[in-house]
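protein31.pdb (PDB, C-alpha atoms, pLDDT in the B column) appears below.
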MODEL        1
ATOM      1  CA  MET W  21      55.941  91.343 174.731  1.00 51.00           C
ATOM      2  CA  ALA W  22      56.584  89.245 171.631  1.00 53.00           C
ATOM      3  CA  ALA W  23      53.514  87.099 172.334  1.00 53.00           C
ATOM      4  CA  HIS W  24      51.439  90.268 172.718  1.00 57.00           C
ATOM      5  CA  THR W  25      52.680  91.537 169.342  1.00 70.00           C
ATOM      6  CA  GLU W  26      51.947  88.215 167.630  1.00 62.00           C
ATOM      7  CA  ARG W  27      48.427  88.211 169.091  1.00 62.00           C
ATOM      8  CA  GLU W  28      47.831  91.711 167.744  1.00 61.00           C
ATOM      9  CA  ARG W  29      49.078  90.668 164.298  1.00 58.00           C
ATOM     10  CA  LEU W  30      46.819  87.609 164.355  1.00 55.00           C
ATOM     11  CA  GLU W  31      43.813  89.673 165.431  1.00 57.00           C
ATOM     12  CA  HIS W  32      44.571  92.152 162.667  1.00 59.00           C
ATOM     13  CA  LEU W  33      44.694  89.349 160.091  1.00 58.00           C
ATOM     14  CA  LEU W  34      41.408  87.893 161.359  1.00 58.00           C
ATOM     15  CA  ARG W  35      39.744  91.293 161.222  1.00 60.00           C
ATOM     16  CA  GLY W  36      41.066  91.705 157.689  1.00 59.00           C
ATOM     17  CA  GLN W  37      39.585  88.350 156.648  1.00 57.00           C
ATOM     18  CA  ALA W  38      36.280  89.251 158.282  1.00 52.00           C
ATOM     19  CA  ASP W  39      36.225  92.560 156.404  1.00 54.00           C
ATOM     20  CA  LEU W  40      37.049  90.729 153.168  1.00 51.00           C
ATOM     21  CA  LEU W  41      34.234  88.222 153.732  1.00 52.00           C
ATOM     22  CA  GLN W  42      31.849  91.062 154.477  1.00 56.00           C
ATOM     23  CA  GLU W  43      32.841  92.785 151.235  1.00 55.00           C
ATOM     24  CA  VAL W  44      32.309  89.526 149.314  1.00 49.00           C
ATOM     25  CA  HIS W  45      28.853  89.075 150.871  1.00 50.00           C
ATOM     26  CA  LEU W  46      27.958  92.672 150.017  1.00 53.00           C
ATOM     27  CA  LEU W  47      29.164  92.169 146.444  1.00 56.00           C
ATOM     28  CA  LEU W  48      27.179  88.935 146.080  1.00 50.00           C
ATOM     29  CA  GLY W  49      24.145  90.668 147.529  1.00 57.00           C
ATOM     30  CA  GLU W  50      24.451  93.473 144.975  1.00 68.00           C
ATOM     31  CA  GLU W  51      24.825  90.949 142.152  1.00 72.00           C
ATOM     32  CA  GLN W  52      21.753  89.035 143.351  1.00 75.00           C
ATOM     33  CA  LYS W  53      19.805  92.294 143.598  1.00 79.00           C
ATOM     34  CA  HIS W  54      20.809  93.161 140.037  1.00 78.00           C
ATOM     35  CA  ASP W  55      19.710  89.699 138.840  1.00 82.00           C
ATOM     36  CA  ASP W  56      16.349  90.152 140.583  1.00 83.00           C
ATOM     37  CA  ILE W  57      15.903  93.522 138.875  1.00 82.00           C
ATOM     38  CA  LEU W  58      16.671  91.912 135.510  1.00 85.00           C
ATOM     39  CA  ARG W  59      14.118  89.165 136.119  1.00 85.00           C
ATOM     40  CA  ALA W  60      11.478  91.688 137.135  1.00 85.00           C
ATOM     41  CA  SER W  61      12.268  93.815 134.076  1.00 86.00           C
ATOM     42  CA  VAL W  62      11.869  90.863 131.701  1.00 86.00           C
ATOM     43  CA  LEU W  63       8.670  89.519 133.300  1.00 83.00           C
ATOM     44  CA  SER W  64       6.997  92.942 133.390  1.00 83.00           C
ATOM     45  CA  SER W  65       7.886  94.085 129.878  1.00 84.00           C
ATOM     46  CA  MET W  66       4.828  94.924 127.765  1.00 80.00           C
ATOM     47  CA  ASP W  67       6.140  97.473 125.225  1.00 78.00           C
ATOM     48  CA  GLU W  68       8.288  96.655 122.202  1.00 77.00           C
ATOM     49  CA  ARG W  69      11.045  99.263 122.623  1.00 78.00           C
ATOM     50  CA  PRO W  70      14.098  98.866 120.363  1.00 81.00           C
ATOM     51  CA  VAL W  71      17.574  98.787 121.928  1.00 83.00           C
ATOM     52  CA  ARG W  72      20.997  99.383 120.373  1.00 83.00           C
ATOM     53  CA  ILE W  73      23.550  96.596 120.825  1.00 82.00           C
ATOM     54  CA  ILE W  74      27.187  97.277 119.987  1.00 82.00           C
ATOM     55  CA  GLY W  75      28.894  94.400 118.190  1.00 80.00           C
ATOM     56  CA  ALA W  76      25.726  92.261 118.046  1.00 81.00           C
ATOM     57  CA  ASP W  77      26.240  88.727 116.763  1.00 84.00           C
ATOM     58  CA  PRO W  78      24.588  88.716 113.291  1.00 86.00           C
ATOM     59  CA  ASP W  79      23.797  85.001 113.634  1.00 87.00           C
ATOM     60  CA  ARG W  80      21.443  85.837 116.516  1.00 87.00           C
ATOM     61  CA  ILE W  81      19.470  88.537 114.696  1.00 88.00           C
ATOM     62  CA  PHE W  82      16.178  87.441 113.124  1.00 90.00           C
ATOM     63  CA  HIS W  83      13.507  89.277 111.152  1.00 91.00           C
ATOM     64  CA  ARG W  84       9.886  89.236 112.287  1.00 90.00           C
ATOM     65  CA  ASP W  85       8.893  87.202 109.196  1.00 90.00           C
ATOM     66  CA  THR W  86      11.365  84.459 110.156  1.00 90.00           C
ATOM     67  CA  ILE W  87      10.027  84.398 113.707  1.00 90.00           C
ATOM     68  CA  ARG W  88       6.469  84.238 112.366  1.00 90.00           C
ATOM     69  CA  ASP W  89       7.351  81.265 110.115  1.00 89.00           C
ATOM     70  CA  LEU W  90       8.875  79.379 113.062  1.00 88.00           C
ATOM     71  CA  CYS W  91       5.848  80.127 115.241  1.00 89.00           C
ATOM     72  CA  VAL W  92       3.516  78.799 112.551  1.00 88.00           C
ATOM     73  CA  ARG W  93       5.656  75.709 111.981  1.00 87.00           C
ATOM     74  CA  TYR W  94       5.951  74.769 115.663  1.00 86.00           C
ATOM     75  CA  ARG W  95       2.637  76.344 116.840  1.00 85.00           C
ATOM     76  CA  LEU W  96       4.270  78.856 119.164  1.00 88.00           C
ATOM     77  CA  ARG W  97       3.386  82.398 120.258  1.00 87.00           C
ATOM     78  CA  PHE W  98       5.551  85.527 120.082  1.00 89.00           C
ATOM     79  CA  LEU W  99       4.433  87.833 122.897  1.00 88.00           C
ATOM     80  CA  PRO W 100       5.805  90.387 125.415  1.00 88.00           C
ATOM     81  CA  GLY W 101       7.684  89.176 128.480  1.00 87.00           C
ATOM     82  CA  GLY W 102       4.980  90.569 130.756  1.00 85.00           C
ATOM     83  CA  LEU W 103       2.673  87.785 129.581  1.00 85.00           C
ATOM     84  CA  PHE W 104       5.191  85.004 130.173  1.00 85.00           C
ATOM     85  CA  LYS W 105       4.335  82.510 132.898  1.00 81.00           C
ATOM     86  CA  GLY W 106       7.354  80.886 134.520  1.00 77.00           C
ATOM     87  CA  GLN W 107      10.825  81.541 135.878  1.00 79.00           C
ATOM     88  CA  LEU W 108      13.943  82.654 134.048  1.00 83.00           C
ATOM     89  CA  PRO W 109      16.822  80.192 134.467  1.00 84.00           C
ATOM     90  CA  ASN W 110      20.196  81.437 135.650  1.00 85.00           C
ATOM     91  CA  THR W 111      21.618  80.778 132.193  1.00 87.00           C
ATOM     92  CA  ALA W 112      19.186  83.327 130.724  1.00 88.00           C
ATOM     93  CA  ILE W 113      20.160  85.889 133.372  1.00 87.00           C
ATOM     94  CA  HIS W 114      23.830  85.256 132.598  1.00 87.00           C
ATOM     95  CA  ALA W 115      23.127  85.847 128.897  1.00 87.00           C
ATOM     96  CA  LEU W 116      21.301  89.081 129.737  1.00 88.00           C
ATOM     97  CA  ARG W 117      24.206  90.290 131.878  1.00 87.00           C
ATOM     98  CA  GLY W 118      26.577  89.696 128.969  1.00 86.00           C
ATOM     99  CA  LEU W 119      24.237  91.508 126.579  1.00 87.00           C
ATOM    100  CA  GLU W 120      23.964  94.474 128.965  1.00 84.00           C
ATOM    101  CA  ARG W 121      27.667  95.141 128.512  1.00 84.00           C
ATOM    102  CA  LYS W 122      27.125  95.476 124.745  1.00 83.00           C
ATOM    103  CA  SER W 123      24.045  97.686 124.947  1.00 82.00           C
ATOM    104  CA  SER W 124      24.302 101.464 124.899  1.00 75.00           C
ATOM    105  CA  SER W 125      21.009 101.764 126.836  1.00 78.00           C
ATOM    106  CA  PRO W 126      19.061  99.659 129.366  1.00 81.00           C
ATOM    107  CA  LEU W 127      17.565  96.493 127.888  1.00 85.00           C
ATOM    108  CA  THR W 128      13.811  96.794 127.341  1.00 84.00           C
ATOM    109  CA  GLY W 129      11.012  95.392 125.190  1.00 85.00           C
ATOM    110  CA  PHE W 130      11.656  91.727 125.971  1.00 88.00           C
ATOM    111  CA  MET W 131       9.754  89.229 123.819  1.00 89.00           C
ATOM    112  CA  PHE W 132       9.268  85.476 124.249  1.00 89.00           C
ATOM    113  CA  MET W 133       8.654  82.797 121.645  1.00 89.00           C
ATOM    114  CA  ALA W 134       7.025  79.855 123.433  1.00 86.00           C
ATOM    115  CA  PRO W 135       3.948  77.593 123.462  1.00 85.00           C
ATOM    116  CA  ALA W 136       0.630  79.199 124.395  1.00 80.00           C
ATOM    117  CA  GLU W 137       0.658  77.323 127.707  1.00 77.00           C
ATOM    118  CA  ARG W 138       3.678  79.368 128.833  1.00 79.00           C
ATOM    119  CA  PHE W 139       1.802  82.682 128.660  1.00 77.00           C
ATOM    120  CA  ARG W 140      -0.843  84.337 130.801  1.00 63.00           C
ATOM    121  CA  LEU W 141      -3.250  84.716 127.922  1.00 54.00           C
ATOM    122  CA  CYS W 142      -6.279  86.934 128.277  1.00 48.00           C
ATOM    123  CA  ASP W 143      -8.774  84.058 128.372  1.00 43.00           C
ATOM    124  CA  SER W 144      -6.561  81.217 129.590  1.00 43.00           C
ATOM    125  CA  GLU W 145      -5.607  80.096 132.939  1.00 39.00           C
ATOM    126  CA  VAL W 146       6.816  74.200 127.487  1.00 50.00           C
ATOM    127  CA  ASP W 147      10.189  76.295 127.046  1.00 58.00           C
ATOM    128  CA  PRO W 148      10.849  79.681 125.506  1.00 75.00           C
ATOM    129  CA  LEU W 149      13.220  81.793 123.444  1.00 82.00           C
ATOM    130  CA  LEU W 150      13.991  85.263 124.803  1.00 84.00           C
ATOM    131  CA  PHE W 151      14.392  88.188 122.350  1.00 84.00           C
ATOM    132  CA  VAL W 152      14.970  91.942 122.517  1.00 84.00           C
ATOM    133  CA  PRO W 153      13.855  94.210 119.636  1.00 86.00           C
ATOM    134  CA  LEU W 154      16.451  96.032 117.562  1.00 86.00           C
ATOM    135  CA  GLY W 155      14.016  98.048 115.447  1.00 84.00           C
ATOM    136  CA  GLU W 156      12.951  97.689 111.798  1.00 83.00           C
ATOM    137  CA  ASP W 157      11.227  94.371 112.601  1.00 85.00           C
ATOM    138  CA  ARG W 158      14.504  92.774 113.702  1.00 85.00           C
ATOM    139  CA  PHE W 159      14.985  90.919 116.989  1.00 87.00           C
ATOM    140  CA  TYR W 160      18.062  89.703 118.842  1.00 85.00           C
ATOM    141  CA  LEU W 161      17.952  86.198 120.349  1.00 87.00           C
ATOM    142  CA  VAL W 162      19.230  86.533 123.913  1.00 87.00           C
ATOM    143  CA  HIS W 163      18.808  82.964 125.127  1.00 85.00           C
ATOM    144  CA  LYS W 164      17.007  79.696 124.351  1.00 82.00           C
ATOM    145  CA  TRP W 165      16.196  76.860 126.696  1.00 77.00           C
ATOM    146  CA  GLY W 166      14.009  73.781 126.398  1.00 69.00           C
ATOM    147  CA  THR W 167      13.133  71.645 123.363  1.00 66.00           C
ATOM    148  CA  ASP W 168      10.118  73.393 121.835  1.00 64.00           C
ATOM    149  CA  LEU W 169      11.712  73.472 118.369  1.00 68.00           C
ATOM    150  CA  SER W 170      11.984  69.713 118.067  1.00 75.00           C
ATOM    151  CA  PRO W 171      11.096  68.033 114.730  1.00 80.00           C
ATOM    152  CA  ALA W 172       8.411  66.010 116.525  1.00 81.00           C
ATOM    153  CA  ARG W 173       6.592  69.215 117.522  1.00 82.00           C
ATOM    154  CA  ALA W 174       6.720  70.503 113.947  1.00 83.00           C
ATOM    155  CA  ILE W 175       5.255  67.246 112.610  1.00 83.00           C
ATOM    156  CA  ALA W 176       2.581  67.004 115.320  1.00 83.00           C
ATOM    157  CA  ASN W 177       1.402  70.572 114.679  1.00 84.00           C
ATOM    158  CA  TRP W 178       1.621  70.516 110.882  1.00 85.00           C
ATOM    159  CA  PRO W 179      -2.182  70.120 110.462  1.00 85.00           C
ATOM    160  CA  PHE W 180      -2.822  73.286 112.486  1.00 84.00           C
ATOM    161  CA  ARG W 181      -0.743  75.661 110.344  1.00 86.00           C
ATOM    162  CA  ASN W 182      -3.638  76.770 108.132  1.00 85.00           C
ATOM    163  CA  VAL W 183      -6.912  75.565 106.582  1.00 85.00           C
ATOM    164  CA  VAL W 184      -5.071  73.897 103.679  1.00 88.00           C
ATOM    165  CA  THR W 185      -2.876  71.697 105.888  1.00 89.00           C
ATOM    166  CA  LEU W 186      -5.857  70.750 108.078  1.00 88.00           C
ATOM    167  CA  SER W 187      -7.984  69.825 105.047  1.00 88.00           C
ATOM    168  CA  ALA W 188      -5.124  67.804 103.572  1.00 90.00           C
ATOM    169  CA  THR W 189      -4.703  65.925 106.858  1.00 89.00           C
ATOM    170  CA  ILE W 190      -8.417  65.065 106.968  1.00 89.00           C
ATOM    171  CA  LEU W 191      -8.352  63.768 103.384  1.00 91.00           C
ATOM    172  CA  VAL W 192      -5.233  61.656 103.975  1.00 91.00           C
ATOM    173  CA  LEU W 193      -6.605  60.098 107.180  1.00 90.00           C
ATOM    174  CA  ALA W 194      -9.971  59.422 105.553  1.00 88.00           C
ATOM    175  CA  LEU W 195      -8.278  57.849 102.544  1.00 88.00           C
ATOM    176  CA  VAL W 196      -6.061  55.619 104.696  1.00 88.00           C
ATOM    177  CA  PHE W 197      -9.049  54.530 106.759  1.00 87.00           C
ATOM    178  CA  ALA W 198     -11.177  53.779 103.670  1.00 84.00           C
ATOM    179  CA  LEU W 199      -8.395  51.748 102.067  1.00 85.00           C
ATOM    180  CA  ALA W 200      -7.701  49.815 105.268  1.00 84.00           C
ATOM    181  CA  VAL W 201     -11.293  48.583 105.790  1.00 82.00           C
ATOM    182  CA  PRO W 202     -11.723  45.012 104.488  1.00 82.00           C
ATOM    183  CA  THR W 203     -14.119  44.611 101.556  1.00 78.00           C
ATOM    184  CA  MET W 204     -16.355  42.232 103.537  1.00 77.00           C
ATOM    185  CA  TYR W 205     -17.332  45.115 105.835  1.00 74.00           C
ATOM    186  CA  LEU W 206     -18.243  47.417 102.941  1.00 76.00           C
ATOM    187  CA  THR W 207     -20.561  45.232 100.872  1.00 76.00           C
ATOM    188  CA  ALA W 208     -22.608  42.053 101.239  1.00 72.00           C
ATOM    189  CA  GLU W 209     -22.225  41.194  97.548  1.00 76.00           C
ATOM    190  CA  PRO W 210     -20.560  37.791  97.138  1.00 74.00           C
ATOM    191  CA  GLY W 211     -17.297  37.810  95.226  1.00 71.00           C
ATOM    192  CA  ALA W 212     -16.932  41.589  95.376  1.00 73.00           C
ATOM    193  CA  THR W 213     -13.485  42.813  94.399  1.00 77.00           C
ATOM    194  CA  TYR W 214     -11.365  45.227  96.413  1.00 72.00           C
ATOM    195  CA  TRP W 215     -12.060  48.152  94.082  1.00 77.00           C
ATOM    196  CA  GLY W 216     -15.607  49.189  93.288  1.00 76.00           C
ATOM    197  CA  SER W 217     -18.362  51.626  94.122  1.00 78.00           C
ATOM    198  CA  HIS W 218     -18.351  50.397  97.709  1.00 78.00           C
ATOM    199  CA  ARG W 219     -14.740  51.590  98.115  1.00 81.00           C
ATOM    200  CA  VAL W 220     -15.599  55.019  96.657  1.00 83.00           C
ATOM    201  CA  PHE W 221     -18.577  55.278  99.026  1.00 85.00           C
ATOM    202  CA  ALA W 222     -16.320  54.328 101.948  1.00 84.00           C
ATOM    203  CA  MET W 223     -13.882  57.102 101.015  1.00 87.00           C
ATOM    204  CA  PHE W 224     -16.718  59.647 100.799  1.00 86.00           C
ATOM    205  CA  TRP W 225     -18.262  58.480 104.087  1.00 87.00           C
ATOM    206  CA  SER W 226     -14.973  58.462 106.001  1.00 88.00           C
ATOM    207  CA  THR W 227     -14.140  61.961 104.707  1.00 88.00           C
ATOM    208  CA  MET W 228     -17.481  63.296 105.974  1.00 89.00           C
ATOM    209  CA  VAL W 229     -17.063  61.614 109.367  1.00 87.00           C
ATOM    210  CA  PHE W 230     -13.478  62.758 109.871  1.00 88.00           C
ATOM    211  CA  ALA W 231     -14.378  66.287 108.770  1.00 88.00           C
ATOM    212  CA  SER W 232     -17.337  66.448 111.184  1.00 86.00           C
ATOM    213  CA  PHE W 233     -15.293  65.339 114.177  1.00 85.00           C
ATOM    214  CA  THR W 234     -12.470  67.687 113.210  1.00 84.00           C
ATOM    215  CA  VAL W 235     -14.769  70.712 112.947  1.00 82.00           C
ATOM    216  CA  PHE W 236     -16.303  69.936 116.336  1.00 81.00           C
ATOM    217  CA  GLY W 237     -12.916  69.408 117.980  1.00 78.00           C
ATOM    218  CA  TRP W 238     -11.417  72.461 116.310  1.00 76.00           C
ATOM    219  CA  PHE W 239     -13.967  74.905 117.653  1.00 71.00           C
ATOM    220  CA  ALA W 240     -14.001  73.192 121.054  1.00 67.00           C
ATOM    221  CA  PHE W 241     -10.237  72.974 121.681  1.00 67.00           C
ATOM    222  CA  PHE W 242      -8.228  74.976 119.145  1.00 60.00           C
ATOM    223  CA  GLY W 243     -10.115  77.737 117.341  1.00 70.00           C
ATOM    224  CA  GLN W 244      -7.102  79.447 115.724  1.00 78.00           C
ATOM    225  CA  PHE W 245      -4.701  78.328 113.058  1.00 82.00           C
ATOM    226  CA  SER W 246      -1.011  78.878 113.765  1.00 82.00           C
ATOM    227  CA  ALA W 247      -0.815  81.430 110.946  1.00 79.00           C
ATOM    228  CA  GLU W 248      -3.332  83.577 112.860  1.00 79.00           C
ATOM    229  CA  ALA W 249      -2.392  82.791 116.476  1.00 77.00           C
ATOM    230  CA  TRP W 250       1.401  83.274 116.416  1.00 75.00           C
ATOM    231  CA  ASN W 251       1.190  86.748 118.019  1.00 73.00           C
ATOM    232  CA  SER W 252      -2.297  86.574 119.540  1.00 73.00           C
ATOM    233  CA  ARG W 253      -2.788  87.263 123.263  1.00 67.00           C
ATOM    234  CA  TYR W 254      -5.928  85.103 123.315  1.00 61.00           C
ATOM    235  CA  PHE W 255      -6.021  81.367 123.888  1.00 58.00           C
ATOM    236  CA  ASN W 256      -8.824  80.724 121.376  1.00 54.00           C
TER     237      ASN W 256
ENDMDL
END

Let's see the structure in the file written out as structure tokens.
Amino acid sequence: MAAHTERERLEHLLRGQADLLQEVHLLLGEEQKHDDILRASVLSSMDERPVRIIGADPDRIFHRDTIRDLCVRYRLRFLPGGLFKGQLPNTAIHALRGLERKSSSPLTGFMFMAPAERFRLCDSEVDPLLFVPLGEDRFYLVHKWGTDLSPARAIANWPFRNVVTLSATILVLALVFALAVPTMYLTAEPGATYWGSHRVFAMFWSTMVFASFTVFGWFAFFGQFSAEAWNSRYFN
């Protein structure tokens, strides 16, 4: 009789553990479903709809002008989440879940700041920053991943900010090239000094050559300065 009672108690405990495991699996399934809904919401967002966040961290709120300046500096785009091409990491989903608890309404209007290659641009076949709009041209930074704001990217894309920076780059490269060419390759005159009309001609010639190649390459591969392309949905 005692053995029978112990067996019943053991079976009851096992059934209890099975029920607990089933509840855990159901809870995990619900959490995963919620994460999938969040991902789908972010990657299908096309409208900039402001949300209200209670107790928002002021250090994570940025004005549109600041975002524009960063996009121009690092040659990035600022476009709706529905145009983003890629997957959201779990860290971004975790940040969204935390932000949901502070929002008085469902999160909408997701925006990404990322290189053009990370978007499905209208005429086009690196790592983003995820924002939600707060209204009045202010945006809340939800999460950042990747290294797209590295100093090397800013330096490499400095010539493409606007026509002034591109022209300055051409002049500097042409000047360096003209000064680096040995005098013997610029004139056949015996005893010619380093400075002279031949050096001025070399500077003029190198400027024309560099400018010609730049214009050809610009229209073939770039087409838009960063100051114009930062919120453009077109590749060129």

Within 12 Å of (22.0, 85.2, 115.0) in the file's own coordinates, which protein, DNA or RNA residues have an atom, counting all atoms listed in the file? List them as number ranges by chain.
W: 75-83, 86, 151, 158-164

Long-range neighbours of Thr185 (chain W) as a VMD selection string, 12 Å cut-off, all atoms listed in the file, 5 positions minimum in chain:
chain W and resid 92 to 93 175 to 180 190 to 192 245 to 247

Residue among W:His54, W:His114, W:Arg84, W:Arg173 lying closest to Leu96 (chain W), counting all atoms listed in the file:
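Closest to Leu96 (chain W), using all atoms listed in the file: W:Arg173.
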
Resolved residues for the PyMOL selection byres ((chain W and resi 215-221) around 9) as a list in words:
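This file, filtered by the PyMOL selection byres ((chain W and resi 215-221) around 9), leaves Ala198, Leu199, Val201, Thr203, Leu206, Thr207, Ala212, Thr213, Tyr214, Ala222, Met223, Phe224, Trp225 and Ser226 of chain W.
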
So which residues get picked by the PyMOL selection byres ((chain W and resi 64-72) around 7) here, written as JSON, numbers by chain?
{"W": [60, 61, 62, 63, 73, 74, 100, 101, 102, 123, 124, 125, 127, 128, 129, 130, 153, 154, 155]}

Have a look at CA of Lys53 (chain W) and CA of Ala134 (chain W) and let me know their distance in Å, one decimal.
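Distance reported for this atom pair: 26.9 Å.
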